[in-house]
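Below is start_4.cif, which holds mmCIF, C-alpha atoms and all ligand atoms.
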```cif
data_my_file
loop_
_atom_site.label_atom_id
_atom_site.label_comp_id
_atom_site.auth_asym_id
_atom_site.auth_seq_id
_atom_site.Cartn_x
_atom_site.Cartn_y
_atom_site.Cartn_z
CA GLN A 1 -11.20 16.97 -9.13
CA ASN A 2 -7.43 17.41 -9.20
CA ARG A 3 -6.38 15.43 -6.15
CA VAL A 4 -3.04 13.66 -6.35
CA LEU A 5 -2.62 10.11 -5.00
CA MET A 6 0.68 8.26 -4.69
CA ILE A 7 0.59 4.45 -4.62
CA THR A 8 3.54 2.19 -3.78
CA GLY A 9 3.35 -1.40 -4.98
CA ALA A 10 1.31 -0.16 -7.93
CA SER A 11 2.64 -2.67 -10.45
CA SER A 12 0.20 -5.46 -9.60
CA GLY A 13 -2.58 -6.74 -7.35
CA ILE A 14 -4.15 -4.33 -4.86
CA GLY A 15 -1.99 -1.37 -5.86
CA ALA A 16 -2.79 -1.65 -9.58
CA ALA A 17 -6.51 -2.16 -8.87
CA THR A 18 -6.49 0.94 -6.66
CA ALA A 19 -4.79 2.91 -9.42
CA ARG A 20 -7.58 1.91 -11.83
CA ALA A 21 -10.31 2.79 -9.33
CA ALA A 22 -8.73 6.12 -8.38
CA SER A 23 -8.25 7.01 -12.04
CA ARG A 24 -12.00 6.50 -12.58
CA GLU A 25 -12.57 8.90 -9.66
CA GLY A 26 -10.44 11.55 -11.37
CA TYR A 27 -7.26 11.32 -9.29
CA LYS A 28 -3.89 12.20 -10.72
CA LEU A 29 -1.57 9.36 -9.88
CA ILE A 30 2.01 8.62 -8.92
CA LEU A 31 2.56 4.91 -9.46
CA ALA A 32 5.69 3.39 -7.90
CA ALA A 33 7.25 -0.08 -7.85
CA ARG A 34 10.36 -1.88 -9.11
CA SER A 35 8.68 -3.32 -12.25
CA THR A 36 8.71 -0.22 -14.41
CA ASP A 37 7.52 -2.13 -17.49
CA LYS A 38 4.27 -2.95 -15.71
CA LEU A 39 3.90 0.63 -14.46
CA THR A 40 4.39 1.99 -17.97
CA ALA A 41 1.71 -0.35 -19.34
CA LEU A 42 -0.69 0.71 -16.57
CA ALA A 43 0.02 4.40 -17.23
CA GLN A 44 -0.73 3.84 -20.92
CA GLU A 45 -4.04 2.24 -19.97
CA LEU A 46 -5.02 5.07 -17.60
CA GLY A 47 -3.84 8.02 -19.68
CA PRO A 48 -0.21 9.02 -19.28
CA GLU A 49 -0.90 12.76 -18.94
CA ASN A 50 -2.41 12.19 -15.49
CA VAL A 51 0.06 9.54 -14.33
CA LEU A 52 3.68 9.68 -13.20
CA THR A 53 5.52 6.37 -12.96
CA CYS A 54 8.50 5.99 -10.62
CA ALA A 55 11.03 3.21 -10.26
CA LEU A 56 11.02 2.55 -6.54
CA ASP A 57 12.49 -0.02 -4.24
CA VAL A 58 10.83 1.01 -1.00
CA THR A 59 13.93 0.07 1.00
CA ASN A 60 15.93 2.81 -0.77
CA MET A 61 15.51 6.30 0.74
CA ALA A 62 17.19 8.07 -2.20
CA GLN A 63 14.59 6.53 -4.55
CA GLN A 64 11.76 7.46 -2.16
CA GLN A 65 12.95 11.07 -2.09
CA ALA A 66 13.36 11.15 -5.88
CA MET A 67 9.77 9.90 -6.24
CA VAL A 68 8.46 12.74 -4.07
CA ASP A 69 10.59 15.32 -5.87
CA GLN A 70 9.33 14.13 -9.29
CA ALA A 71 5.74 14.11 -8.04
CA LEU A 72 5.97 17.69 -6.77
CA GLU A 73 7.61 18.80 -9.99
CA LYS A 74 4.84 17.25 -12.14
CA PHE A 75 1.75 17.87 -10.00
CA GLY A 76 2.84 20.50 -7.43
CA ARG A 77 1.20 18.67 -4.53
CA ILE A 78 0.48 15.28 -2.99
CA ASP A 79 -2.92 14.81 -1.33
CA ALA A 80 -2.75 11.15 -0.35
CA VAL A 81 -0.29 8.30 -0.15
CA PHE A 82 -1.21 4.62 -0.21
CA ALA A 83 1.82 2.83 1.28
CA ASN A 84 0.91 -0.57 -0.07
CA ALA A 85 4.12 -2.28 -1.25
CA GLY A 86 4.75 -5.51 0.57
CA ARG A 87 5.83 -9.09 0.19
CA GLY A 88 5.15 -12.42 1.80
CA GLY A 89 7.33 -14.67 3.88
CA SER A 90 8.59 -18.18 3.51
CA PRO A 91 7.36 -21.39 5.10
CA GLY A 92 8.98 -23.15 8.02
CA GLY A 93 7.97 -21.11 11.05
CA PHE A 94 10.41 -19.44 13.42
CA SER A 95 12.48 -22.58 13.78
CA SER A 96 13.36 -23.07 10.12
CA ALA A 97 12.08 -20.31 7.76
CA ASP A 98 14.66 -18.80 5.40
CA HIS A 99 16.13 -15.95 7.47
CA ASP A 100 17.42 -14.08 4.41
CA ALA A 101 13.83 -13.96 3.13
CA TRP A 102 12.87 -12.62 6.57
CA ARG A 103 15.33 -9.77 6.18
CA ASP A 104 13.95 -8.76 2.77
CA MET A 105 10.39 -8.98 4.02
CA ILE A 106 11.02 -7.01 7.22
CA LEU A 107 12.87 -4.32 5.27
CA THR A 108 10.09 -4.08 2.68
CA ASN A 109 7.04 -4.36 4.94
CA ILE A 110 8.21 -2.25 7.89
CA TYR A 111 11.29 -0.16 7.03
CA GLY A 112 9.96 0.53 3.52
CA VAL A 113 6.68 1.85 4.93
CA GLY A 114 8.63 4.07 7.32
CA LEU A 115 10.73 5.45 4.49
CA THR A 116 7.66 6.19 2.35
CA LEU A 117 6.14 8.11 5.24
CA GLN A 118 9.31 10.06 5.97
CA ALA A 119 9.71 11.03 2.31
CA CYS A 120 6.05 12.04 1.85
CA LEU A 121 5.08 13.65 5.15
CA PRO A 122 6.47 17.15 4.43
CA ALA A 123 4.33 17.39 1.28
CA LEU A 124 1.33 15.78 2.99
CA LYS A 125 1.52 18.25 5.86
CA ARG A 126 1.25 21.11 3.37
CA SER A 127 -1.88 19.58 1.80
CA LYS A 128 -3.39 18.33 5.11
CA GLY A 129 -3.17 14.99 3.36
CA HIS A 130 -4.28 11.43 3.93
CA VAL A 131 -2.06 8.41 4.63
CA LEU A 132 -3.38 4.93 3.85
CA LEU A 133 -1.41 1.83 4.81
CA THR A 134 -1.88 -1.75 3.66
CA GLY A 135 -1.82 -3.73 6.87
CA SER A 136 -3.54 -7.07 7.03
CA SER A 137 -6.05 -9.17 8.92
CA ALA A 138 -2.78 -11.02 9.74
CA GLY A 139 -1.74 -7.89 11.64
CA ARG A 140 -4.69 -8.44 13.99
CA THR A 141 -4.62 -12.16 14.68
CA THR A 142 -2.24 -14.88 15.82
CA ILE A 143 -0.82 -16.90 12.94
CA PRO A 144 1.45 -19.68 14.18
CA GLY A 145 5.05 -19.33 13.04
CA SER A 146 4.39 -16.32 10.79
CA MET A 147 6.99 -13.58 10.59
CA TYR A 148 4.80 -12.08 7.82
CA SER A 149 2.00 -11.65 10.33
CA ALA A 150 4.48 -10.01 12.73
CA THR A 151 5.45 -7.47 10.05
CA LYS A 152 1.79 -6.60 9.57
CA TRP A 153 1.32 -6.21 13.35
CA ALA A 154 4.10 -3.66 12.98
CA VAL A 155 2.17 -1.87 10.21
CA THR A 156 -0.86 -1.78 12.53
CA GLY A 157 1.40 -0.12 15.11
CA ILE A 158 2.75 2.35 12.56
CA GLY A 159 -0.81 3.36 11.68
CA TYR A 160 -1.82 3.88 15.32
CA ASN A 161 1.35 5.76 16.27
CA LEU A 162 1.33 7.91 13.13
CA ARG A 163 -2.26 8.95 13.82
CA GLU A 164 -1.23 10.19 17.24
CA GLU A 165 1.82 11.99 15.83
CA LEU A 166 -0.43 13.80 13.35
CA ARG A 167 -3.24 14.58 15.80
CA GLY A 168 -4.31 18.22 15.46
CA THR A 169 -2.87 18.67 11.97
CA GLY A 170 -6.08 17.88 10.06
CA MET A 171 -4.34 14.91 8.47
CA ARG A 172 -5.91 11.46 8.39
CA VAL A 173 -4.55 7.91 8.63
CA THR A 174 -6.40 4.83 7.40
CA LEU A 175 -5.30 1.24 7.93
CA ILE A 176 -6.55 -1.03 5.17
CA GLU A 177 -6.59 -4.59 6.51
CA PRO A 178 -7.35 -7.20 3.87
CA GLY A 179 -8.01 -10.83 4.45
CA MET A 180 -6.92 -13.19 1.69
CA VAL A 181 -6.96 -11.56 -1.75
CA ASP A 182 -6.39 -13.38 -5.04
CA THR A 183 -3.32 -11.52 -6.37
CA PRO A 184 0.18 -12.45 -7.62
CA PHE A 185 1.16 -12.34 -3.92
CA PHE A 186 0.34 -16.08 -4.03
CA ASP A 187 2.01 -18.57 -6.35
CA ASN A 188 -1.30 -20.43 -6.68
CA PRO A 189 -4.73 -18.76 -6.63
CA PRO A 190 -6.20 -19.08 -3.12
CA GLU A 191 -9.72 -20.42 -2.60
CA HIS A 192 -12.47 -18.32 -0.99
CA ALA A 193 -10.50 -15.14 -1.49
CA LEU A 194 -11.37 -11.52 -2.15
CA VAL A 195 -10.37 -9.90 -5.45
CA ASP A 196 -8.10 -6.87 -5.77
CA ARG A 197 -11.04 -4.55 -6.64
CA ASP A 198 -12.64 -5.29 -3.27
CA ILE A 199 -9.69 -3.66 -1.52
CA ALA A 200 -9.52 -0.82 -4.05
CA ASN A 201 -13.17 -0.06 -3.24
CA ALA A 202 -12.27 0.25 0.45
CA VAL A 203 -9.43 2.64 -0.34
CA ILE A 204 -11.74 4.81 -2.45
CA TYR A 205 -14.35 4.79 0.32
CA ALA A 206 -11.79 6.09 2.85
CA LEU A 207 -10.45 8.68 0.41
CA SER A 208 -13.92 9.93 -0.51
CA GLN A 209 -15.03 10.95 2.98
CA PRO A 210 -15.35 14.64 3.86
CA ALA A 211 -12.52 16.26 5.84
CA HIS A 212 -14.22 15.78 9.21
CA VAL A 213 -14.44 11.99 8.77
CA ASP A 214 -11.30 10.00 9.64
CA VAL A 215 -11.78 6.36 8.66
CA ASN A 216 -9.31 4.75 11.07
CA GLU A 217 -9.40 1.15 9.86
CA ILE A 218 -11.16 -1.06 7.36
CA LEU A 219 -10.91 -4.81 7.94
CA ILE A 220 -12.16 -6.76 4.93
CA ARG A 221 -12.45 -10.52 4.94
CA PRO A 222 -14.00 -12.89 2.39
CA THR A 223 -17.42 -14.18 3.35
CA PRO A 224 -16.98 -17.72 4.69
CA PRO A 225 -18.11 -20.35 2.19
CA THR A 226 -21.68 -21.58 2.58
CA ASP A 227 -22.15 -25.09 3.98
O1 LIG A 301 0.46 -8.51 -3.91
P1 LIG A 301 1.26 -8.31 -5.28
P2 LIG A 301 -0.79 -7.75 -3.29
N1 LIG A 301 9.83 -2.00 -3.43
O2 LIG A 301 2.40 -9.26 -5.18
C1 LIG A 301 5.49 -4.29 -4.71
C2 LIG A 301 -0.79 -6.90 1.36
N2 LIG A 301 -1.74 -7.97 1.61
O3 LIG A 301 -1.36 -6.75 -4.18
O4 LIG A 301 8.39 -3.91 -7.01
C3 LIG A 301 8.78 -1.53 -4.11
O5 LIG A 301 0.34 -8.38 -6.44
C4 LIG A 301 5.38 -5.10 -5.97
O6 LIG A 301 6.00 -4.41 -7.04
P3 LIG A 301 7.42 -4.79 -7.73
C5 LIG A 301 0.62 -7.30 1.03
O7 LIG A 301 1.36 -7.65 2.18
C6 LIG A 301 -2.04 -8.86 0.64
O8 LIG A 301 -1.66 -8.80 -2.73
O9 LIG A 301 7.21 -4.37 -9.14
N3 LIG A 301 7.69 -2.26 -4.36
C7 LIG A 301 3.89 -5.13 -6.21
O10 LIG A 301 3.47 -3.98 -6.89
C8 LIG A 301 1.12 -6.01 0.38
O11 LIG A 301 1.54 -5.11 1.37
C9 LIG A 301 -2.94 -9.88 0.92
O12 LIG A 301 7.67 -6.25 -7.53
C10 LIG A 301 7.67 -3.51 -3.91
C11 LIG A 301 3.32 -5.10 -4.80
O13 LIG A 301 4.38 -4.67 -3.91
C12 LIG A 301 -0.13 -5.47 -0.30
O14 LIG A 301 -1.23 -6.17 0.25
C13 LIG A 301 -3.53 -9.96 2.17
C14 LIG A 301 8.74 -4.07 -3.20
C15 LIG A 301 2.85 -6.47 -4.37
O15 LIG A 301 1.79 -6.81 -5.18
C16 LIG A 301 -0.16 -5.65 -1.80
O16 LIG A 301 -0.03 -7.03 -2.09
C17 LIG A 301 -3.20 -9.04 3.12
C18 LIG A 301 9.85 -3.25 -2.96
N4 LIG A 301 10.93 -3.70 -2.28
C19 LIG A 301 -2.31 -8.04 2.84
N5 LIG A 301 8.42 -5.36 -2.89
C20 LIG A 301 -3.32 -10.92 -0.07
N6 LIG A 301 -2.96 -10.78 -1.34
O17 LIG A 301 -3.98 -11.89 0.32
C21 LIG A 301 7.19 -5.58 -3.39
O18 LIG A 301 -3.77 -9.14 4.32
N7 LIG A 301 6.74 -4.48 -4.01
#
```

Written form, structure tokens:
Amino acid sequence: QNRVLMITGASSGIGAATARAASREGYKLILAARSTDKLTALAQELGPENVLTCALDVTNMAQQQAMVDQALEKFGRIDAVFANAGRGGSPGGFSSADHDAWRDMILTNIYGVGLTLQACLPALKRSKGHVLLTGSSAGRTTIPGSMYSATKWAVTGIGYNLREELRGTGMRVTLIEPGMVDTPFFDNPPEHALVDRDIANAVIYALSQPAHVDVNEILIRPTPPTD
């Protein structure tokens, strides 16, 4: 197959695992993040002829547009976009969390997703493409004091509202909602967590469905520990 998948936040964790899984499925890949050294190493691993790496800060629209332009120049089309880049918050709750860290997180997790969509949608409309978003189980539940959770509620809303905007176009929107996953997202490895491949498998499942199947959401949590 010659389908083309773009992944933001591809330099580590869930994005990198999805790149590996999609490469095994035969996708051509656009891998984007700020850490270009890590993207280059991943492209080497996967076979550089089928991979385009792009330096991307998702909060920068000029870089988003350049990524799409380069992708169309190299591959001629984009069939799916996994808007996955995101970052965590800081402790302290609403009364005392670092508000500068809030700004960076809100810009990355919400505005950045919006910019990725705006840059990619013209190409995706031409291919009747598929949008996948990394939301979170934290975008479904109440987490005391968490602005991070609030940003992921926003991603849930983006997914729902985008699906309605695209209704009748043949395009599909899938919200990927992980529970805790052991990735560099955390300074210390969390206990009872999923691994990055578990989420990559969910992305591949959604991508692999025939055109008449629109996988709206996949919520994946670790199995609770046995007593
Ligand atoms: O984390 P990590 P995950 N512009 O830190 C990129 C969500 N999630 O894989 O730019 C562009 O390994 C960063 O790249 P770089 C989470 O909210 C996670 O766990 O080079 N890219 C890296 O590739 C996020 O949306 C858990 O620093 C930017 C990637 O994002 C997604 O899963 C649970 C960027 C982060 O990779 C992937 O996170 C959950 C920017 N401004 C949801 N800022 C979990 N791990 O438990 C960051 O429910 N990146």

> Could you pull the residues within 9 Å of Arg34 of chain A, counting only C-alpha atoms, minus those fewer than 6 positions along the same chain, as a list in words?
Replying inline: Gly9, Ser11, Cys54, Ala55, Leu56, Asp57 and Val58 of chain A

> What is the distance, in Å and to one decimal place, between atom CA of Glu45 of chain A and atom CA of Arg221 of chain A?
Replying inline: 29.2 Å

Assuming 4 Å of padding per side, give the centre and edge lengths of the axis-aligned box around every listed atom of ligand LIG 301 (chain A), in Å to one decimal and as AutoDock Vina command-line options.
```
--center_x 3.5 --center_y -6.7 --center_z -2.4 --size_x 22.9 --size_y 18.4 --size_z 21.5
```

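Among the candidate residues A:Met147, A:Val195, A:Ala22, A:Trp153, the one lying nearest to Asp98 of chain A is A:Met147, with distances computed using only C-alpha atoms.
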
> Which one is closest to ligand LIG 301 (chain A): A:Thr169, A:Thr59, A:Thr223, A:Ser146? Count all atoms listed in the file.
Replying inline: A:Thr59

Each residue of chain A lying at most 6 Å from ligand LIG 301 (chain A) should get a row with its shortest atom-to-atom pair and the distance in Å to one decimal, counting all atoms listed in the file; could you produce that, ordered by chain and increasing number, as a Markdown table?
```
| residue | atom | partner | partner_atom | distance |
| --- | --- | --- | --- | --- |
| A:Gly9 | CA | A:LIG301 | O10 | 3.2 |
| A:Ala10 | CA | A:LIG301 | O10 | 4.5 |
| A:Ser11 | CA | A:LIG301 | O10 | 3.9 |
| A:Ser12 | CA | A:LIG301 | O5 | 4.3 |
| A:Gly13 | CA | A:LIG301 | O3 | 3.4 |
| A:Ile14 | CA | A:LIG301 | O3 | 3.8 |
| A:Gly15 | CA | A:LIG301 | O3 | 5.7 |
| A:Ala33 | CA | A:LIG301 | O4 | 4.1 |
| A:Arg34 | CA | A:LIG301 | O4 | 3.5 |
| A:Ser35 | CA | A:LIG301 | O9 | 3.6 |
| A:Leu56 | CA | A:LIG301 | C3 | 5.3 |
| A:Asp57 | CA | A:LIG301 | N1 | 3.4 |
| A:Val58 | CA | A:LIG301 | N1 | 4.0 |
| A:Thr59 | CA | A:LIG301 | N4 | 5.8 |
| A:Asn84 | CA | A:LIG301 | O11 | 4.8 |
| A:Ala85 | CA | A:LIG301 | O13 | 3.6 |
| A:Gly86 | CA | A:LIG301 | O11 | 3.3 |
| A:Arg87 | CA | A:LIG301 | O7 | 5.1 |
| A:Thr108 | CA | A:LIG301 | N4 | 5.0 |
| A:Thr134 | CA | A:LIG301 | O11 | 5.3 |
| A:Gly135 | CA | A:LIG301 | C19 | 5.9 |
| A:Ser136 | CA | A:LIG301 | O18 | 3.4 |
| A:Ser137 | CA | A:LIG301 | O18 | 5.1 |
| A:Ala138 | CA | A:LIG301 | O18 | 5.8 |
| A:Glu177 | CA | A:LIG301 | O18 | 5.8 |
| A:Pro178 | CA | A:LIG301 | O18 | 4.1 |
| A:Gly179 | CA | A:LIG301 | O18 | 4.6 |
| A:Met180 | CA | A:LIG301 | O17 | 3.5 |
| A:Val181 | CA | A:LIG301 | O17 | 3.6 |
| A:Asp182 | CA | A:LIG301 | N6 | 5.7 |
| A:Thr183 | CA | A:LIG301 | O5 | 4.8 |
| A:Pro184 | CA | A:LIG301 | O5 | 4.2 |
| A:Phe185 | CA | A:LIG301 | O2 | 3.6 |
```

Go ahead and save the picked residues with C-alpha atoms, as a JSON list (two decimals), keeping the file's coordinate frame.
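Result went into out-v5.json, see below:
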```json
[["chain", "number", "residue", "atom", "x", "y", "z"],
["A", 9, "GLY", "CA", 3.35, -1.40, -4.98],
["A", 10, "ALA", "CA", 1.31, -0.16, -7.93],
["A", 11, "SER", "CA", 2.64, -2.67, -10.45],
["A", 12, "SER", "CA", 0.20, -5.46, -9.60],
["A", 13, "GLY", "CA", -2.58, -6.74, -7.35],
["A", 14, "ILE", "CA", -4.15, -4.33, -4.86],
["A", 15, "GLY", "CA", -1.99, -1.37, -5.86],
["A", 33, "ALA", "CA", 7.25, -0.08, -7.85],
["A", 34, "ARG", "CA", 10.36, -1.88, -9.11],
["A", 35, "SER", "CA", 8.68, -3.32, -12.25],
["A", 56, "LEU", "CA", 11.02, 2.55, -6.54],
["A", 57, "ASP", "CA", 12.49, -0.02, -4.24],
["A", 58, "VAL", "CA", 10.83, 1.01, -1.00],
["A", 59, "THR", "CA", 13.93, 0.07, 1.00],
["A", 84, "ASN", "CA", 0.91, -0.57, -0.07],
["A", 85, "ALA", "CA", 4.12, -2.28, -1.25],
["A", 86, "GLY", "CA", 4.75, -5.51, 0.57],
["A", 87, "ARG", "CA", 5.83, -9.09, 0.19],
["A", 108, "THR", "CA", 10.09, -4.08, 2.68],
["A", 134, "THR", "CA", -1.88, -1.75, 3.66],
["A", 135, "GLY", "CA", -1.82, -3.73, 6.87],
["A", 136, "SER", "CA", -3.54, -7.07, 7.03],
["A", 137, "SER", "CA", -6.05, -9.17, 8.92],
["A", 138, "ALA", "CA", -2.78, -11.02, 9.74],
["A", 177, "GLU", "CA", -6.59, -4.59, 6.51],
["A", 178, "PRO", "CA", -7.35, -7.20, 3.87],
["A", 179, "GLY", "CA", -8.01, -10.83, 4.45],
["A", 180, "MET", "CA", -6.92, -13.19, 1.69],
["A", 181, "VAL", "CA", -6.96, -11.56, -1.75],
["A", 182, "ASP", "CA", -6.39, -13.38, -5.04],
["A", 183, "THR", "CA", -3.32, -11.52, -6.37],
["A", 184, "PRO", "CA", 0.18, -12.45, -7.62],
["A", 185, "PHE", "CA", 1.16, -12.34, -3.92]]
```

> Using only C-alpha atoms, which of A:Leu162, A:Val173, A:Ile218, A:Leu207 sits nearest Gln118 of chain A?
Replying inline: A:Leu162

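When only C-alpha atoms are used to measure the gap to Arg126 of chain A, the shortest distance among A:Ile204, A:Val51, A:Leu72, A:Ile158 belongs to A:Leu72.
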
> What does the distance between atom CA of Val131 of chain A and atom CA of Ala16 of chain A come to in Å, to one decimal place?
Replying inline: 17.4 Å

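Across A:Arg140, A:Arg167, A:Lys28, A:Arg77, the tightest approach to Val155 of chain A is made by A:Arg140 when counting all atoms listed in the file.
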
>> Can you tell me which residues surround Gly88 of chain A at a distance of at most 9 Å, considering all atoms listed in the file, apart from same-chain residues fewer than 3 positions away, and format the answer as a VMD selection string?
In response: chain A and resid 101 105 109 148 185 to 186

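Across the structure, atom CA of Gly114 of chain A and atom CA of Ile30 of chain A are spaced 18.1 Å apart.
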